[in-house]
file coords_36.tsv (TSV, C-alpha atoms)
chain	number	residue	atom	x	y	z
A	77	GLU	CA	-9.48	-3.46	18.33
A	78	GLY	CA	-6.16	-5.12	17.71
A	79	GLU	CA	-4.31	-6.87	20.46
A	80	GLY	CA	-0.86	-6.22	21.85
A	81	GLU	CA	0.87	-3.50	23.81
A	82	GLY	CA	-1.31	-0.59	24.79
A	83	GLU	CA	-0.85	2.87	23.27
A	84	GLY	CA	-1.96	4.81	26.36
A	85	GLU	CA	-5.12	6.75	27.14
A	86	ASP	CA	-5.37	8.72	23.89
A	87	PRO	CA	-8.80	7.77	22.46
A	88	CYS	CA	-7.46	8.29	18.94
A	89	LEU	CA	-4.80	5.61	19.29
A	90	PRO	CA	-5.56	1.88	18.98
A	91	ASP	CA	-4.48	-0.53	21.69
A	92	SER	CA	-1.96	-1.93	19.23
A	93	TRP	CA	-0.87	-1.45	15.62
A	94	THR	CA	-1.68	-5.15	15.06
A	95	PHE	CA	-5.34	-5.44	14.07
A	96	THR	CA	-7.08	-8.77	14.52
A	97	SER	CA	-10.62	-7.39	14.31
A	98	ASP	CA	-12.17	-4.59	12.27
A	99	TYR	CA	-10.94	-1.07	12.97
A	100	THR	CA	-11.35	2.39	11.39
A	101	PHE	CA	-8.92	5.29	11.17
A	102	THR	CA	-11.13	8.40	11.36
A	103	ALA	CA	-10.62	11.84	9.89
A	104	ASP	CA	-11.21	13.40	13.31
A	105	CYS	CA	-8.11	11.62	14.65
A	106	SER	CA	-5.84	12.38	11.69
A	107	PRO	CA	-2.87	12.40	11.40
A	108	TYR	CA	-1.94	8.96	12.71
A	109	VAL	CA	1.77	8.87	13.52
A	110	VAL	CA	2.73	5.19	13.56
A	111	ASP	CA	5.57	4.32	15.94
A	112	GLY	CA	5.66	0.67	14.80
A	113	SER	CA	4.52	-1.37	11.82
A	114	ILE	CA	0.83	-1.93	11.14
A	115	GLU	CA	-0.33	-5.54	10.71
A	116	VAL	CA	-3.83	-6.52	9.52
A	117	ARG	CA	-4.67	-10.21	9.89
A	118	GLU	CA	-7.05	-12.85	11.31
A	119	ASP	CA	-9.69	-11.74	8.77
A	120	ALA	CA	-9.72	-8.17	10.07
A	121	THR	CA	-10.53	-5.18	7.87
A	122	LEU	CA	-8.72	-1.87	8.41
A	123	THR	CA	-10.87	0.94	6.99
A	124	ILE	CA	-9.43	4.42	6.49
A	125	GLU	CA	-11.72	7.41	6.09
A	126	PRO	CA	-11.26	10.10	3.42
A	127	GLY	CA	-8.82	12.82	4.44
A	128	VAL	CA	-6.80	10.69	6.86
A	129	GLU	CA	-2.99	10.96	6.82
A	130	VAL	CA	-0.90	8.07	8.13
A	131	GLN	CA	2.79	8.78	8.83
A	132	PHE	CA	5.40	6.03	9.21
A	133	ALA	CA	8.84	5.94	10.81
A	134	THR	CA	11.88	4.51	9.05
A	135	ASP	CA	11.89	0.68	8.85
A	136	GLU	CA	8.10	0.50	9.29
A	137	TRP	CA	5.27	-0.57	6.99
A	138	LEU	CA	1.61	-1.46	6.71
A	139	ARG	CA	1.31	-5.19	5.98
A	140	VAL	CA	-1.96	-6.93	5.14
A	141	GLY	CA	-2.72	-10.65	5.09
A	142	SER	CA	0.46	-12.19	6.45
A	143	GLY	CA	-0.25	-15.65	7.85
A	144	SER	CA	-4.03	-15.14	7.91
A	145	GLY	CA	-6.63	-13.09	6.07
A	146	GLY	CA	-6.62	-9.31	6.11
A	147	LYS	CA	-8.18	-6.47	4.14
A	148	LEU	CA	-7.39	-2.77	3.71
A	149	VAL	CA	-10.12	-0.42	2.51
A	150	ALA	CA	-8.68	3.04	1.82
A	151	ASP	CA	-11.46	4.77	-0.13
A	152	GLY	CA	-10.59	8.44	-0.37
A	153	GLU	CA	-12.25	11.27	-2.24
A	154	THR	CA	-10.95	13.66	-4.89
A	155	ASP	CA	-10.98	16.59	-2.44
A	156	ALA	CA	-10.07	14.43	0.58
A	157	PRO	CA	-7.44	11.87	-0.44
A	158	ILE	CA	-5.99	9.39	2.01
A	159	VAL	CA	-2.24	9.94	2.52
A	160	PHE	CA	0.42	7.38	3.46
A	161	THR	CA	3.81	9.02	3.93
A	162	SER	CA	6.95	9.38	6.02
A	163	ALA	CA	6.86	10.83	9.52
A	164	GLU	CA	10.09	12.72	8.83
A	165	SER	CA	9.88	16.47	8.38
A	166	ALA	CA	12.03	16.47	5.23
A	167	PRO	CA	12.06	12.88	3.94
A	168	ASP	CA	14.00	11.42	1.06
A	169	ALA	CA	12.61	8.77	-1.24
A	170	GLY	CA	12.65	5.41	0.52
A	171	ALA	CA	12.27	6.90	4.00
A	172	TRP	CA	9.86	4.09	5.03
A	173	ILE	CA	9.01	0.66	3.65
A	174	GLY	CA	5.51	1.13	2.23
A	175	LEU	CA	2.32	-0.89	1.92
A	176	PHE	CA	2.70	-4.67	1.59
A	177	PHE	CA	-0.06	-7.08	0.56
A	178	ALA	CA	0.89	-10.62	1.52
A	179	GLY	CA	-0.49	-13.95	0.33
A	180	ASP	CA	-3.63	-13.98	2.50
A	181	THR	CA	-4.87	-10.53	1.47
A	182	LEU	CA	-8.66	-10.73	1.10
A	183	SER	CA	-10.78	-9.82	-1.91
A	184	GLY	CA	-12.16	-6.29	-1.79
A	185	THR	CA	-8.87	-4.70	-0.75
A	186	LEU	CA	-8.99	-1.17	-2.15
A	187	LEU	CA	-6.79	1.89	-2.66
A	188	ASP	CA	-8.82	4.68	-4.31
A	189	ASN	CA	-7.95	8.38	-4.22
A	190	VAL	CA	-4.87	7.58	-2.16
A	191	GLU	CA	-1.45	9.28	-2.11
A	192	VAL	CA	1.59	7.18	-1.20
A	193	SER	CA	4.94	8.95	-0.99
A	194	TYR	CA	8.57	8.52	0.15
A	195	GLY	CA	8.25	4.72	0.49
A	196	GLY	CA	10.07	1.87	-1.18
A	197	GLN	CA	12.72	1.12	1.42
A	198	GLU	CA	13.98	-2.41	0.76
A	199	TYR	CA	13.12	-4.98	3.42
A	200	ASN	CA	14.59	-8.49	3.37
A	201	GLY	CA	14.46	-8.54	-0.41
A	202	SER	CA	10.66	-8.80	-0.32
A	203	THR	CA	9.65	-5.20	-1.03
A	204	LYS	CA	9.98	-3.54	-4.41
A	205	GLY	CA	8.23	-0.16	-4.14
A	206	CYS	CA	5.88	2.17	-2.29
A	207	VAL	CA	3.28	-0.59	-2.68
A	208	THR	CA	4.26	-4.25	-3.01
A	209	VAL	CA	1.95	-7.17	-3.75
A	210	GLY	CA	3.78	-10.21	-2.46
A	211	GLY	CA	1.83	-13.39	-3.11
A	212	ALA	CA	-1.80	-12.23	-3.12
A	213	SER	CA	-4.08	-14.29	-5.34
A	214	SER	CA	-5.64	-12.98	-8.54
A	215	SER	CA	-8.22	-10.16	-8.58
A	216	ARG	CA	-8.14	-9.33	-4.88
A	217	ILE	CA	-6.67	-5.79	-5.04
A	218	THR	CA	-7.98	-2.64	-6.71
A	219	ILE	CA	-5.76	0.43	-7.07
A	220	THR	CA	-7.40	3.41	-8.80
A	221	ASN	CA	-7.25	7.22	-9.01
A	222	SER	CA	-4.16	7.31	-6.79
A	223	THR	CA	-0.74	8.98	-6.81
A	224	PHE	CA	2.60	7.37	-6.03
A	225	SER	CA	5.53	9.76	-5.68
A	226	ASN	CA	9.15	9.85	-4.54
A	227	CYS	CA	9.28	6.07	-4.40
A	228	THR	CA	12.50	4.09	-4.51
A	229	GLN	CA	12.41	0.90	-6.61
A	230	SER	CA	8.88	1.55	-7.99
A	231	GLY	CA	5.49	3.05	-7.26
A	232	VAL	CA	3.57	-0.23	-7.36
A	233	ALA	CA	5.17	-3.67	-7.58
A	234	ASN	CA	3.46	-7.00	-8.19
A	235	THR	CA	5.83	-9.81	-9.14
A	236	THR	CA	3.40	-12.54	-8.08
A	237	VAL	CA	3.04	-15.05	-10.92
A	238	GLY	CA	-0.63	-14.93	-11.96
A	239	GLY	CA	-1.50	-12.48	-9.18
A	240	THR	CA	-3.42	-10.08	-11.39
A	241	PHE	CA	-5.09	-6.93	-10.07
A	242	ALA	CA	-8.86	-6.62	-9.90
A	243	SER	CA	-8.09	-3.19	-11.38
A	244	LEU	CA	-5.11	-0.86	-11.63
A	245	SER	CA	-6.19	2.26	-13.50
A	246	ALA	CA	-6.14	6.07	-13.62
A	247	ASN	CA	-3.12	6.33	-11.32
A	248	SER	CA	-0.21	8.80	-11.44
A	249	PHE	CA	3.43	7.87	-10.90
A	250	GLU	CA	5.75	10.79	-10.14
A	251	ASP	CA	9.42	11.36	-9.32
A	252	SER	CA	10.15	7.67	-8.74
A	253	ASP	CA	12.75	5.12	-9.83
A	254	ALA	CA	10.07	3.29	-11.83
A	255	GLY	CA	6.31	3.41	-12.12
A	256	LEU	CA	5.39	-0.27	-12.10
A	257	TRP	CA	7.41	-3.41	-11.40
A	258	LEU	CA	5.40	-6.38	-12.62
A	259	ASP	CA	5.58	-10.05	-13.43
A	260	ALA	CA	4.73	-10.58	-17.10
A	261	THR	CA	1.56	-12.47	-16.12
A	262	VAL	CA	0.23	-9.40	-14.30
A	263	VAL	CA	0.67	-6.79	-17.05
A	264	GLY	CA	-2.65	-7.58	-18.75
A	265	SER	CA	-4.58	-6.46	-15.65
A	266	VAL	CA	-3.10	-2.94	-15.83
A	267	SER	CA	-5.05	-0.25	-17.68
A	268	GLY	CA	-3.42	2.03	-20.22
A	269	ASP	CA	-4.69	5.22	-18.57
A	270	ASN	CA	-2.02	5.46	-15.86
A	271	THR	CA	0.31	8.46	-16.22
A	272	TYR	CA	4.02	8.95	-15.53
A	273	SER	CA	5.99	12.11	-14.69
A	274	ASN	CA	9.76	12.17	-14.09
A	275	THR	CA	9.53	8.40	-13.78
A	276	PRO	CA	11.74	6.87	-16.47
A	277	HIS	CA	10.31	3.41	-17.04
A	278	ASN	CA	8.35	0.39	-15.88
A	279	ILE	CA	10.02	-2.93	-15.06
A	280	ILE	CA	8.66	-6.24	-16.40
A	281	ASP	CA	10.02	-9.52	-15.05
A	282	ASP	CA	10.04	-12.47	-17.40
A	283	GLY	CA	7.18	-14.96	-17.20
A	284	ILE	CA	4.94	-17.23	-19.23
A	285	VAL	CA	1.65	-15.58	-20.28
A	286	GLU	CA	-0.87	-18.38	-20.77
A	287	ALA	CA	-4.08	-16.36	-21.22
A	288	ASP	CA	-5.09	-13.58	-23.58
A	289	ALA	CA	-3.78	-10.21	-22.39
A	290	THR	CA	-3.46	-6.69	-23.79
A	291	TRP	CA	-0.29	-4.74	-23.03
call {"tool": "encode", "arguments": {"input": "coords_36.tsv", "output": "structure tokens"}}
result
Amino acid sequence: EGEGEGEGEDPCLPDSWTFTSDYTFTADCSPYVVDGSIEVREDATLTIEPGVEVQFATDEWLRVGSGSGGKLVADGETDAPIVFTSAESAPDAGAWIGLFFAGDTLSGTLLDNVEVSYGGQEYNGSTKGCVTVGGASSSRITITNSTFSNCTQSGVANTTVGGTFASLSANSFEDSDAGLWLDATVVGSVSGDNTYSNTPHNIIDDGIVEADATW
């Protein structure tokens, strides 16, 4: 379990929202209402079972790989997606920060059959959507079969020069300021089978593409 301040005697709550060893959010304990930010580091893996819902307060996020290695494995199912959303009863877009993958995010990080909504709150100029990749090395993160909705800034942002996805495919972007916000060097790792609804555009930052890529 992670270390830090205790969360009481509830067996469904971790000792801390900072995880420094492997931990699993189980469907039996869902929903998880997070009263602080989640940190995953020191080579820990946070695994989330299908059907789990994780709710975040304003100004909070789930950050992986900041300062040391960390991995998130959120492998949902079609009939039991994993949900990351606001804890508010009637949230607006940008009600919480979102998911953030920092520079020490480990290979094998996965979002599949996941729903992320009402995120994208700006934080210190470092976040740009419901999901932000901020410095993770190439081919460490897979995002597939997932839905991003009611996001301010964008659904998924990756402005890391050369920080390509292992895969980003078959996702839906709905009711958001933008679908994707990408550095030009990342665009070639994005599949053409993502869909967009009431989401006006993608954003591409300038960059130098030095390897073959298909847009």
call {"tool": "atom_distance", "arguments": {"input": "coords_36.tsv", "atom1": "CA of Thr100 (chain A)", "atom2": "CA of Ser225 (chain A)"}}
result
25.1 Å
call {"tool": "residues_around", "arguments": {"input": "coords_36.tsv", "residues": "Glu115 (chain A)", "least_positions_apart": "5", "cutoff": "9 Å", "atoms": "all atoms listed in the file", "output": "PyMOL selection string"}}
result
chain A and resi 93-96+137-142+146
call {"tool": "atom_distance", "arguments": {"input": "coords_36.tsv", "atom1": "CA of Asn234 (chain A)", "atom2": "CA of Ser267 (chain A)"}}
result
14.4 Å
call {"tool": "atom_distance", "arguments": {"input": "coords_36.tsv", "atom1": "CA of Val237 (chain A)", "atom2": "CA of Ala169 (chain A)"}}
result
27.4 Å
call {"tool": "closest_residue", "arguments": {"input": "coords_36.tsv", "among": "A:Ala163, A:Val192, A:Ile158, A:Cys88", "to": "Gly112 (chain A)", "atoms": "all atoms listed in the file"}}
result
A:Ala163
call {"tool": "axis_aligned_box", "arguments": {"input": "coords_36.tsv", "around": "region 225-242 of chain A", "padding_each_side": "3 Å", "output": "lines of an AutoDock Vina configuration file"}}
result
center_x = 1.8
center_y = -2.6
center_z = -8.2
size_x = 27.4
size_y = 30.9
size_z = 13.6
call {"tool": "residues_near_point", "arguments": {"input": "coords_36.tsv", "point": "(-11.1, -4.3, 11.2)", "cutoff": "7 Å", "atoms": "all atoms listed in the file", "output": "list in words"}}
result
Phe95, Thr96, Ser97, Asp98, Tyr99, Thr100, Ala120, Thr121, Leu122 and Thr123 of chain A
call {"tool": "closest_residue", "arguments": {"input": "coords_36.tsv", "among": "A:Val209, A:Ser193, A:Thr228, A:Ile279", "to": "Ser248 (chain A)", "atoms": "all atoms listed in the file"}}
result
A:Ser193
call {"tool": "closest_atom_pairs", "arguments": {"input": "coords_36.tsv", "of": "region 96-127 of chain A", "to": "region 173-181 of chain A", "cutoff": "10 Å", "atoms": "all atoms listed in the file", "output": "JSON lines"}}
result
{"residue": "A:Ser113", "atom": "CA", "partner": "A:Ile173", "partner_atom": "CA", "distance": 9.5}
{"residue": "A:Ile114", "atom": "CA", "partner": "A:Leu175", "partner_atom": "CA", "distance": 9.4}
{"residue": "A:Glu115", "atom": "CA", "partner": "A:Phe176", "partner_atom": "CA", "distance": 9.6}
{"residue": "A:Val116", "atom": "CA", "partner": "A:Thr181", "partner_atom": "CA", "distance": 9.1}
{"residue": "A:Arg117", "atom": "CA", "partner": "A:Asp180", "partner_atom": "CA", "distance": 8.4}
{"residue": "A:Glu118", "atom": "CA", "partner": "A:Asp180", "partner_atom": "CA", "distance": 9.5}
{"residue": "A:Asp119", "atom": "CA", "partner": "A:Thr181", "partner_atom": "CA", "distance": 8.8}
call {"tool": "closest_residue", "arguments": {"input": "coords_36.tsv", "among": "A:Gly238, A:Thr275, A:Phe249, A:Leu148", "to": "Ala287 (chain A)", "atoms": "all atoms listed in the file"}}
result
A:Gly238
call {"tool": "closest_residue", "arguments": {"input": "coords_36.tsv", "among": "A:Asn278, A:Thr185, A:Thr261, A:Asn221", "to": "Ala150 (chain A)", "atoms": "only C-alpha atoms"}}
result
A:Thr185
call {"tool": "residues_around", "arguments": {"input": "coords_36.tsv", "residues": "region 128-133 of chain A", "least_positions_apart": "3", "cutoff": "6 Å", "atoms": "all atoms listed in the file", "output": "PyMOL selection string"}}
result
chain A and resi 103+106-110+125+136+158-163
call {"tool": "closest_residue", "arguments": {"input": "coords_36.tsv", "among": "A:Pro87, A:Pro126, A:Gly195, A:Gly231", "to": "Glu153 (chain A)", "atoms": "all atoms listed in the file"}}
result
A:Pro126
call {"tool": "residues_around", "arguments": {"input": "coords_36.tsv", "residues": "Asp151 (chain A)", "least_positions_apart": "5", "cutoff": "7 Å", "atoms": "all atoms listed in the file", "output": "list of chain:residue names"}}
result
A:Ile124, A:Glu125, A:Pro126, A:Leu186, A:Leu187, A:Asp188, A:Asn189
call {"tool": "residues_near_point", "arguments": {"input": "coords_36.tsv", "point": "(11.0, 3.6, -14.2)", "cutoff": "9 Å", "atoms": "only C-alpha atoms", "output": "list in words"}}
result
Gln229, Ser230, Gly231, Ser252, Asp253, Ala254, Gly255, Leu256, Trp257, Tyr272, Asn274, Thr275, Pro276, His277, Asn278 and Ile279 of chain A
call {"tool": "closest_residue", "arguments": {"input": "coords_36.tsv", "among": "A:Val190, A:Ile217, A:Ala166, A:Cys206", "to": "Gly239 (chain A)", "atoms": "all atoms listed in the file"}}
result
A:Ile217
call {"tool": "decode", "arguments": {"input": "coords_36.tsv", "residues": "region 196-216 of chain A", "atoms": "N, CA and C atoms", "output": "mmCIF file, in the first residue's frame"}}
result
data_model
loop_
_atom_site.group_PDB
_atom_site.id
_atom_site.type_symbol
_atom_site.label_atom_id
_atom_site.label_comp_id
_atom_site.auth_asym_id
_atom_site.auth_seq_id
_atom_site.Cartn_x
_atom_site.Cartn_y
_atom_site.Cartn_z
ATOM 1 N N GLY A 196 -9.810 18.428 -17.328
ATOM 2 C CA GLY A 196 -9.172 19.446 -18.154
ATOM 3 C C GLY A 196 -8.912 20.756 -17.451
ATOM 4 N N GLN A 197 -9.176 20.810 -16.146
ATOM 5 C CA GLN A 197 -8.862 22.018 -15.387
ATOM 6 C C GLN A 197 -7.370 22.318 -15.512
ATOM 7 N N GLU A 198 -7.025 23.563 -15.824
ATOM 8 C CA GLU A 198 -5.621 23.929 -15.999
ATOM 9 C C GLU A 198 -4.906 23.950 -14.655
ATOM 10 N N TYR A 199 -3.682 23.430 -14.646
ATOM 11 C CA TYR A 199 -2.891 23.383 -13.420
ATOM 12 C C TYR A 199 -1.461 23.808 -13.735
ATOM 13 N N ASN A 200 -1.074 24.964 -13.266
ATOM 14 C CA ASN A 200 0.294 25.473 -13.411
ATOM 15 C C ASN A 200 0.796 25.460 -14.847
ATOM 16 N N GLY A 201 -0.106 25.570 -15.790
ATOM 17 C CA GLY A 201 0.289 25.591 -17.190
ATOM 18 C C GLY A 201 0.762 24.260 -17.739
ATOM 19 N N SER A 202 0.681 23.189 -16.937
ATOM 20 C CA SER A 202 1.230 21.897 -17.355
ATOM 21 C C SER A 202 0.181 20.937 -17.886
ATOM 22 N N THR A 203 -1.091 21.206 -17.648
ATOM 23 C CA THR A 203 -2.141 20.303 -18.095
ATOM 24 C C THR A 203 -2.891 20.915 -19.270
ATOM 25 N N LYS A 204 -3.298 20.055 -20.202
ATOM 26 C CA LYS A 204 -3.908 20.537 -21.431
ATOM 27 C C LYS A 204 -5.145 19.738 -21.828
ATOM 28 N N GLY A 205 -5.726 18.956 -20.897
ATOM 29 C CA GLY A 205 -6.908 18.188 -21.244
ATOM 30 C C GLY A 205 -7.303 17.204 -20.165
ATOM 31 N N CYS A 206 -8.328 16.385 -20.465
ATOM 32 C CA CYS A 206 -8.738 15.342 -19.527
ATOM 33 C C CYS A 206 -7.590 14.375 -19.242
ATOM 34 N N VAL A 207 -6.779 14.117 -20.262
ATOM 35 C CA VAL A 207 -5.565 13.317 -20.108
ATOM 36 C C VAL A 207 -4.416 14.122 -20.685
ATOM 37 N N THR A 208 -3.328 14.257 -19.930
ATOM 38 C CA THR A 208 -2.144 14.960 -20.409
ATOM 39 C C THR A 208 -0.930 14.064 -20.270
ATOM 40 N N VAL A 209 -0.179 13.930 -21.366
ATOM 41 C CA VAL A 209 1.123 13.269 -21.322
ATOM 42 C C VAL A 209 2.156 14.383 -21.270
ATOM 43 N N GLY A 210 2.887 14.442 -20.159
ATOM 44 C CA GLY A 210 3.818 15.535 -19.944
ATOM 45 C C GLY A 210 5.235 15.045 -19.756
ATOM 46 N N GLY A 211 5.869 14.600 -20.829
ATOM 47 C CA GLY A 211 7.277 14.235 -20.755
ATOM 48 C C GLY A 211 7.568 12.753 -20.852
ATOM 49 N N ALA A 212 6.551 11.904 -20.923
ATOM 50 C CA ALA A 212 6.793 10.463 -20.987
ATOM 51 C C ALA A 212 7.490 10.093 -22.288
ATOM 52 N N SER A 213 8.421 9.161 -22.203
ATOM 53 C CA SER A 213 9.179 8.737 -23.374
ATOM 54 C C SER A 213 8.297 7.975 -24.362
ATOM 55 N N SER A 214 8.849 7.773 -25.557
ATOM 56 C CA SER A 214 8.106 7.174 -26.656
ATOM 57 C C SER A 214 7.601 5.764 -26.328
ATOM 58 N N SER A 215 6.377 5.477 -26.810
ATOM 59 C CA SER A 215 5.802 4.125 -26.833
ATOM 60 C C SER A 215 5.558 3.524 -25.454
ATOM 61 N N ARG A 216 5.311 4.352 -24.468
ATOM 62 C CA ARG A 216 5.046 3.831 -23.129
ATOM 63 C C ARG A 216 3.557 3.762 -22.796
#
